[in-house]
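Structure file target31.txt (compact mmCIF, C-alpha atoms and all ligand atoms) follows.
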```txt
# COMPACT_ATOMS: atom_id res chain seq x y z
CA MET A 1 0.00 0.00 0.00
CA GLY A 2 2.48 2.64 1.17
CA LYS A 3 4.70 1.87 -1.79
CA VAL A 4 3.20 4.11 -4.42
CA PRO A 5 3.00 7.39 -2.48
CA ALA A 6 6.59 6.73 -1.42
CA LEU A 7 7.52 6.41 -5.07
CA TRP A 8 5.76 9.68 -5.83
CA SER A 9 7.72 11.55 -3.17
CA LEU A 10 10.85 9.95 -4.52
CA CYS A 11 10.00 11.41 -7.91
CA LEU A 12 9.55 14.86 -6.47
CA LEU A 13 12.92 14.53 -4.86
CA PHE A 14 14.61 13.51 -8.06
CA ASN A 15 12.90 16.19 -10.03
CA GLY A 16 13.90 19.27 -8.15
CA PHE A 17 13.79 18.84 -4.42
CA VAL A 18 17.23 17.30 -4.26
CA TRP A 19 18.61 20.69 -3.20
CA LEU A 20 16.75 20.36 0.08
CA PHE A 21 18.97 17.48 1.01
CA VAL A 22 22.09 19.07 -0.27
CA VAL A 23 21.43 22.22 1.76
CA ILE A 24 20.19 20.63 4.98
CA GLY A 25 21.36 17.08 5.26
CA SER A 26 20.42 16.27 8.85
CA GLU A 27 18.04 13.66 10.26
CA GLU A 28 15.59 16.34 11.33
CA SER A 29 15.37 17.82 7.87
CA TRP A 30 14.25 14.42 6.54
CA GLN A 31 11.32 14.62 8.90
CA LYS A 32 10.65 18.18 7.87
CA ALA A 33 10.64 17.19 4.20
CA ALA A 34 7.80 14.69 4.70
CA PRO A 35 4.58 16.68 4.25
CA GLU A 36 1.54 16.49 6.51
CA ARG A 37 -1.35 14.84 4.66
CA SER A 38 -3.12 18.18 4.47
CA GLU A 39 -0.08 19.66 2.73
CA TYR A 40 0.08 17.14 -0.12
CA TYR A 41 0.73 19.21 -3.16
CA CYS A 42 -0.52 18.51 -6.66
CA PRO A 43 1.09 20.67 -9.32
CA TRP A 44 -1.90 20.51 -11.69
CA GLN A 45 -5.62 21.26 -11.38
CA CYS A 46 -7.14 20.00 -14.62
CA LEU A 47 -6.82 16.86 -16.69
CA ASN A 48 -7.19 16.80 -20.44
CA PHE A 49 -8.88 13.64 -21.63
CA VAL A 50 -8.03 13.39 -25.31
CA GLN A 51 -9.81 11.22 -27.85
CA MET A 52 -8.90 10.94 -31.50
CA TRP A 53 -10.68 10.05 -34.68
CA PRO A 54 -9.06 7.30 -36.80
CA GLY A 55 -10.66 8.72 -39.94
CA SER A 56 -8.44 11.78 -39.94
CA PHE A 57 -5.58 11.18 -37.52
CA CYS A 58 -3.12 10.33 -40.32
CA VAL A 59 -3.94 13.39 -42.45
CA ALA A 60 -1.63 15.49 -40.29
CA LEU A 61 0.79 12.69 -39.44
CA ALA A 62 4.42 13.51 -40.16
CA THR A 63 5.81 11.42 -43.02
CA ARG A 64 8.55 10.06 -40.79
CA PHE A 65 5.88 7.80 -39.31
CA GLU A 66 4.01 5.05 -41.03
CA CYS A 67 0.25 5.23 -40.60
CA VAL A 68 -1.14 1.91 -39.40
CA LEU A 69 -4.87 2.05 -38.78
CA PRO A 70 -6.31 -0.93 -36.92
CA LYS A 71 -8.96 -2.87 -38.86
CA ASN A 72 -11.63 -1.98 -36.32
CA ALA A 73 -10.99 1.74 -36.67
CA ASN A 74 -14.59 2.86 -36.63
CA ASN A 75 -14.84 4.39 -33.21
CA TRP A 76 -13.18 7.26 -31.41
CA THR A 77 -10.13 6.03 -29.52
CA ILE A 78 -8.11 7.31 -26.60
CA HIS A 79 -5.04 9.44 -27.21
CA GLY A 80 -4.27 10.13 -23.59
CA LEU A 81 -5.12 11.49 -20.18
CA TRP A 82 -2.96 14.50 -19.56
CA PRO A 83 -2.55 16.47 -16.33
CA SER A 84 -2.44 20.06 -17.57
CA ASP A 85 0.75 22.06 -18.06
CA ILE A 86 3.14 19.43 -16.77
CA THR A 87 4.91 16.44 -18.29
CA ALA A 88 7.40 13.69 -17.50
CA CYS A 89 7.20 13.94 -13.72
CA CYS A 90 9.14 10.81 -12.86
CA HIS A 91 11.92 9.41 -14.96
CA TYR A 92 12.25 6.28 -12.88
CA TRP A 93 8.65 5.11 -12.75
CA TYR A 94 8.43 2.55 -15.50
CA LEU A 95 5.43 0.92 -17.09
CA PHE A 96 5.59 -2.87 -17.26
CA PRO A 97 3.31 -5.18 -19.29
CA SER A 98 2.30 -6.88 -16.03
CA ASP A 99 0.75 -3.57 -14.86
CA LEU A 100 -1.85 -3.89 -17.60
CA THR A 101 -2.63 -7.62 -17.81
CA ASP A 102 -6.29 -7.30 -16.84
CA LEU A 103 -6.83 -4.28 -19.09
CA LEU A 104 -5.18 -5.56 -22.27
CA PRO A 105 -8.27 -6.47 -24.34
CA ASP A 106 -9.90 -3.10 -23.62
CA LEU A 107 -6.70 -1.14 -24.14
CA ASN A 108 -5.96 -2.85 -27.46
CA TRP A 109 -9.46 -2.05 -28.62
CA HIS A 110 -9.90 1.49 -27.33
CA TRP A 111 -6.34 2.81 -27.10
CA PRO A 112 -4.53 1.52 -30.20
CA SER A 113 -1.45 3.05 -31.77
CA PHE A 114 -2.04 4.50 -35.25
CA ILE A 115 1.60 4.49 -36.23
CA ASN A 116 4.20 1.78 -36.68
CA LEU A 117 4.84 1.57 -32.99
CA SER A 118 3.41 -1.23 -30.87
CA ASN A 119 0.42 -0.44 -28.69
CA PHE A 120 2.52 -1.04 -25.61
CA LEU A 121 5.17 1.43 -26.73
CA PHE A 122 2.43 4.02 -27.29
CA TRP A 123 1.05 3.43 -23.78
CA GLU A 124 4.55 3.56 -22.38
CA LYS A 125 5.14 6.96 -23.96
CA GLU A 126 1.83 8.26 -22.63
CA TRP A 127 2.62 6.89 -19.19
CA TYR A 128 6.09 8.42 -19.11
CA LYS A 129 5.00 11.81 -20.41
CA HIS A 130 1.63 12.19 -18.69
CA GLY A 131 0.76 9.27 -16.43
CA THR A 132 3.70 9.82 -14.10
CA CYS A 133 2.27 13.27 -13.30
CA GLY A 134 -1.03 11.85 -12.08
CA GLY A 135 0.32 10.23 -8.93
CA CYS A 136 -0.67 13.06 -6.59
CA VAL A 137 -4.32 12.03 -7.02
CA GLU A 138 -5.45 8.80 -5.36
CA THR A 139 -7.51 7.63 -8.34
CA LEU A 140 -4.48 7.82 -10.65
CA ASN A 141 -1.58 6.80 -8.42
CA SER A 142 -0.53 3.62 -10.19
CA PRO A 143 -0.15 2.58 -13.82
CA ASN A 144 -3.11 0.23 -13.56
CA LYS A 145 -5.35 2.93 -12.02
CA TYR A 146 -4.26 5.48 -14.62
CA PHE A 147 -5.07 3.29 -17.61
CA ARG A 148 -8.26 1.99 -16.05
CA ALA A 149 -9.39 5.57 -15.38
CA ALA A 150 -8.86 6.49 -19.01
CA LEU A 151 -10.90 3.49 -20.18
CA ASP A 152 -13.71 4.44 -17.80
CA LEU A 153 -13.61 8.02 -19.07
CA ARG A 154 -14.01 6.83 -22.64
CA THR A 155 -17.24 5.16 -21.62
CA LYS A 156 -18.40 8.19 -19.67
CA TYR A 157 -17.49 10.78 -22.30
CA ASN A 158 -18.46 8.75 -25.33
CA ILE A 159 -18.19 10.77 -28.51
CA ASP A 160 -19.50 8.02 -30.79
CA SER A 161 -22.85 8.04 -29.04
CA ALA A 162 -22.97 11.84 -28.68
CA PHE A 163 -22.57 12.15 -32.45
CA GLN A 164 -24.88 9.26 -33.16
CA ASN A 165 -27.62 10.86 -31.05
CA ALA A 166 -27.22 14.08 -32.99
CA GLY A 167 -27.22 12.39 -36.39
CA ILE A 168 -23.62 13.35 -37.13
CA VAL A 169 -22.09 10.73 -39.41
CA PRO A 170 -18.72 10.57 -41.16
CA SER A 171 -18.81 11.72 -44.75
CA CYS A 172 -16.49 12.80 -47.55
CA ARG A 173 -19.16 14.98 -49.11
CA TYR A 174 -20.98 16.73 -46.30
CA SER A 175 -19.42 19.04 -43.78
CA TYR A 176 -20.78 20.45 -40.55
CA GLN A 177 -20.82 23.79 -38.84
CA LEU A 178 -18.85 24.10 -35.62
CA SER A 179 -22.09 24.89 -33.79
CA THR A 180 -23.56 21.54 -34.88
CA PHE A 181 -20.70 19.69 -33.20
CA GLN A 182 -20.98 21.91 -30.14
CA ALA A 183 -24.68 21.26 -29.76
CA ALA A 184 -24.05 17.51 -30.08
CA LEU A 185 -21.27 17.46 -27.48
CA GLN A 186 -22.62 19.89 -24.90
CA PRO A 187 -24.82 17.36 -23.03
CA THR A 188 -21.85 14.97 -22.65
CA LEU A 189 -18.81 17.24 -22.39
CA GLY A 190 -20.22 20.49 -21.00
CA ASP A 191 -18.48 23.58 -22.28
CA GLN A 192 -14.82 23.19 -21.30
CA TYR A 193 -13.44 21.22 -24.21
CA GLU A 194 -11.61 21.83 -27.44
CA LEU A 195 -12.36 20.49 -30.90
CA GLN A 196 -9.07 20.17 -32.73
CA CYS A 197 -8.73 20.28 -36.47
CA ALA A 198 -6.15 19.78 -39.18
CA THR A 199 -6.17 21.07 -42.73
CA ASP A 200 -5.82 18.61 -45.59
CA ILE A 201 -4.18 19.11 -48.98
CA GLN A 202 -7.43 20.46 -50.38
CA GLU A 203 -7.51 23.06 -47.58
CA ARG A 204 -10.49 21.43 -45.93
CA GLN A 205 -10.85 21.82 -42.18
CA ILE A 206 -11.17 18.37 -40.66
CA LEU A 207 -11.95 17.23 -37.15
CA VAL A 208 -9.17 15.10 -35.67
CA GLN A 209 -9.22 15.22 -31.90
CA ILE A 210 -11.35 16.28 -28.93
CA LYS A 211 -9.82 17.38 -25.63
CA VAL A 212 -12.16 17.62 -22.68
CA SER A 213 -11.03 19.38 -19.54
CA LEU A 214 -11.77 17.49 -16.32
CA SER A 215 -11.38 18.22 -12.64
CA THR A 216 -9.40 15.86 -10.43
CA ASN A 217 -12.70 14.09 -9.62
CA PHE A 218 -13.17 13.50 -13.38
CA SER A 219 -16.15 15.81 -13.75
CA THR A 220 -16.26 18.19 -16.71
CA GLY A 221 -15.89 21.95 -16.57
CA CYS A 222 -12.35 22.44 -15.28
CA ILE A 223 -11.20 25.86 -16.44
CA GLN A 224 -7.62 26.14 -17.67
CA SER A 225 -5.59 28.82 -19.33
CA GLY A 226 -5.52 27.86 -22.99
CA SER A 227 -1.92 26.81 -23.17
CA GLN A 228 -0.60 24.96 -26.19
CA ASP A 229 0.05 21.22 -26.14
CA GLY A 230 2.52 21.16 -29.01
CA SER A 231 0.32 18.97 -31.20
CA PRO A 232 -0.03 19.61 -34.95
CA TYR A 233 -3.74 20.35 -34.45
CA LYS A 234 -5.40 23.73 -33.99
CA PRO A 235 -8.71 24.63 -32.42
CA CYS A 236 -11.40 24.22 -35.11
CA GLN A 237 -12.57 27.57 -36.50
CA ALA A 238 -16.21 28.56 -36.81
CA LEU A 239 -15.38 30.48 -39.98
CA TRP A 240 -15.25 27.35 -42.12
CA ASN A 241 -17.29 24.19 -42.18
CA ILE A 242 -15.74 21.11 -40.64
CA PHE A 243 -15.35 17.72 -42.30
CA TYR A 244 -15.72 14.49 -40.38
CA PHE A 245 -14.08 11.96 -42.67
CA PRO A 246 -14.86 8.24 -42.69
CA PRO A 247 -11.82 6.02 -41.99
CA ASN A 248 -10.15 4.86 -45.19
CA LEU A 249 -7.81 1.95 -44.51
CA GLU A 250 -6.37 2.05 -48.04
CA ASN A 251 -5.56 5.75 -48.02
CA PRO A 252 -5.51 6.99 -44.43
CA ARG A 253 -3.41 10.08 -45.18
CA ASN A 254 -5.88 11.33 -47.74
CA PRO A 255 -9.13 9.57 -46.89
CA CYS A 256 -11.33 11.71 -49.14
CA PRO A 257 -9.41 12.52 -52.33
C1 LIG A 301 8.28 3.45 -38.88
O1 LIG A 301 8.21 3.85 -40.22
C2 LIG A 301 9.17 4.81 -40.60
C3 LIG A 301 8.84 5.25 -42.02
O2 LIG A 301 8.66 4.14 -42.86
C4 LIG A 301 10.56 4.21 -40.44
O3 LIG A 301 11.55 5.15 -40.82
C5 LIG A 301 10.75 3.79 -39.00
O4 LIG A 301 12.01 3.16 -38.83
C6 LIG A 301 9.64 2.85 -38.56
N1 LIG A 301 9.78 2.64 -37.14
C7 LIG A 301 9.57 1.44 -36.57
C8 LIG A 301 9.72 1.37 -35.10
O5 LIG A 301 9.24 0.45 -37.22
C1 LIG A 302 -18.72 2.49 -32.12
O1 LIG A 302 -19.44 3.37 -32.96
C2 LIG A 302 -20.67 2.85 -33.40
C3 LIG A 302 -21.25 3.82 -34.42
O2 LIG A 302 -21.20 5.13 -33.97
C4 LIG A 302 -21.59 2.66 -32.18
O3 LIG A 302 -22.82 2.12 -32.57
C5 LIG A 302 -20.89 1.72 -31.21
O4 LIG A 302 -21.67 1.61 -30.03
C6 LIG A 302 -19.51 2.21 -30.87
N1 LIG A 302 -18.82 1.24 -30.04
C7 LIG A 302 -18.30 1.55 -28.85
C8 LIG A 302 -17.63 0.43 -28.15
O5 LIG A 302 -18.36 2.66 -28.37
C1 LIG A 303 -15.68 17.88 -8.69
O1 LIG A 303 -14.74 18.90 -8.48
C2 LIG A 303 -15.20 20.19 -8.89
C3 LIG A 303 -14.03 21.15 -8.79
O2 LIG A 303 -13.32 20.99 -7.61
C4 LIG A 303 -16.39 20.58 -8.02
O3 LIG A 303 -16.86 21.85 -8.39
C5 LIG A 303 -17.49 19.55 -8.22
O4 LIG A 303 -18.58 19.83 -7.37
C6 LIG A 303 -16.99 18.14 -7.95
N1 LIG A 303 -18.00 17.19 -8.37
C7 LIG A 303 -18.33 16.12 -7.65
C8 LIG A 303 -19.38 15.24 -8.23
O5 LIG A 303 -17.81 15.89 -6.58
```
Represent the supplied structure as structure tokens.
Ligand SMILES: *[C@@H]1O[C@H](CO)[C@@H](O)[C@H](O)[C@H]1NC(C)=O
Ligand SMILES: *[C@@H]1O[C@H](CO)[C@@H](O)[C@H](O)[C@H]1NC(C)=O
Ligand SMILES: *[C@@H]1O[C@H](CO)[C@@H](O)[C@H](O)[C@H]1NC(C)=O
Amino acid sequence: MGKVPALWSLCLLFNGFVWLFVVIGSEESWQKAAPERSEYYCPWQCLNFVQMWPGSFCVALATRFECVLPKNANNWTIHGLWPSDITACCHYWYLFPSDLTDLLPDLNWHWPSFINLSNFLFWEKEWYKHGTCGGCVETLNSPNKYFRAALDLRTKYNIDSAFQNAGIVPSCRYSYQLSTFQAALQPTLGDQYELQCATDIQERQILVQIKVSLSTNFSTGCIQSGSQDGSPYKPCQALWNIFYFPPNLENPRNPCP
């Protein structure tokens, strides 16, 4: 039980609190360094739960990657669960396949890699970059809890059914107004989320990813300063219609030529 919080404090130490021990290396200072429960500090307030659409993910994919869409690519999948404004919190907290044994079927189905990188390597990257920052919250403080939470969130914030209920279907020919997507998503995602788009070679604006901002208790509506996440996608613009392309396994980089 006590193992995981201990690991988290260890990470904090490695990642910047080492000076404490350099400056005051006595027994007493060790006791001082251990926080009271009420002082536990979490460096982030919001989580971004990010889902991506296989139909358009590869349109903006850099050519240095191969695009490998899974055969069942007809549903929104998980990209990641990202504590806001912080990454790579613990270099020595590794993900092992045995952490995920009970979750494998669901993870393979709902959290596949779309590039020539194994699913596990994708999860490992997400864990290293984002998952290791979740450990200050009890519901995320182990690899298994982190990946399980993301799977549960996919069920709770289900974009397939939100779109289905609103009659939004993938198409190469029809496009939608931003407000149509917003009306469809509002009942499920509230109003703190971002629709992210890419532009294809024909200059069409296409929906690729949806980031919903959650509080630490996983409810919607967490307000964050709109900082960039370094992805190749931009917030979708109301000025132009938005395409929602059907997945095209033969030509995933240009699904609607
Ligand atoms: C993925 O594909 C790219 C482009 O074909 C290639 O350069 C790279 O080595 C591949 N990576 C792996 C891990 O297979
Ligand atoms: C996948 O999408 C289809 C069509 O929108 C929907 O009927 C189905 O329930 C979805 N499956 C899951 C597991 O969400
Ligand atoms: C979740 O947390 C938010 C922000 O702290 C709070 O406003 C909300 O009431 C909480 N919701 C539940 C169901 O506890």
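With CA of Gln45 (chain A) on one side and CA of Lys211 (chain A) on the other, the separation reads 15.4 Å.
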Enumerate residues in contact with ligand LIG 302 (chain A): an atom-to-atom distance of at most 6 Å, counting all atoms listed in the file. Format the result as a PDB file with C-alpha atoms, in the coordinates of the input.
```
ATOM      1  CA  ASN A  75     -14.840   4.390 -33.210  1.00  0.00           C
ATOM      2  CA  ASP A 160     -19.500   8.020 -30.790  1.00  0.00           C
ATOM      3  CA  SER A 161     -22.850   8.040 -29.040  1.00  0.00           C
ATOM      4  CA  GLN A 164     -24.880   9.260 -33.160  1.00  0.00           C
TER       5      GLN A 164
END
```
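The interatomic distance for the pair CA of Lys234 (chain A) and atom O5 of ligand LIG 301 (chain A) works out to 27.7 Å.
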Write out as a list in words each polymer residue whose atoms come within 10 Å of Gln237 (chain A), counting all atoms listed in the file; drop sequence neighbours fewer than 2 positions from it. Gln177, Leu178, Leu195, Gln196, Cys197, Gln205, Lys234, Pro235, Leu239, Trp240, Asn241 and Ile242 of chain A
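If you look at CA of Cys89 (chain A) and CA of Ser142 (chain A), they are 13.4 Å away from each other.
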Contacts of Phe218 (chain A) within 10 Å, only C-alpha atoms, excl. fewer than 4 positions in-chain, as a list of chain:residue names: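 The neighbour list is A:Cys46, A:Leu47, A:Asn48, A:Phe49, A:Thr139, A:Ala149, A:Ala150, A:Leu153, A:Lys156, A:Ser213, A:Leu214, A:Cys222.
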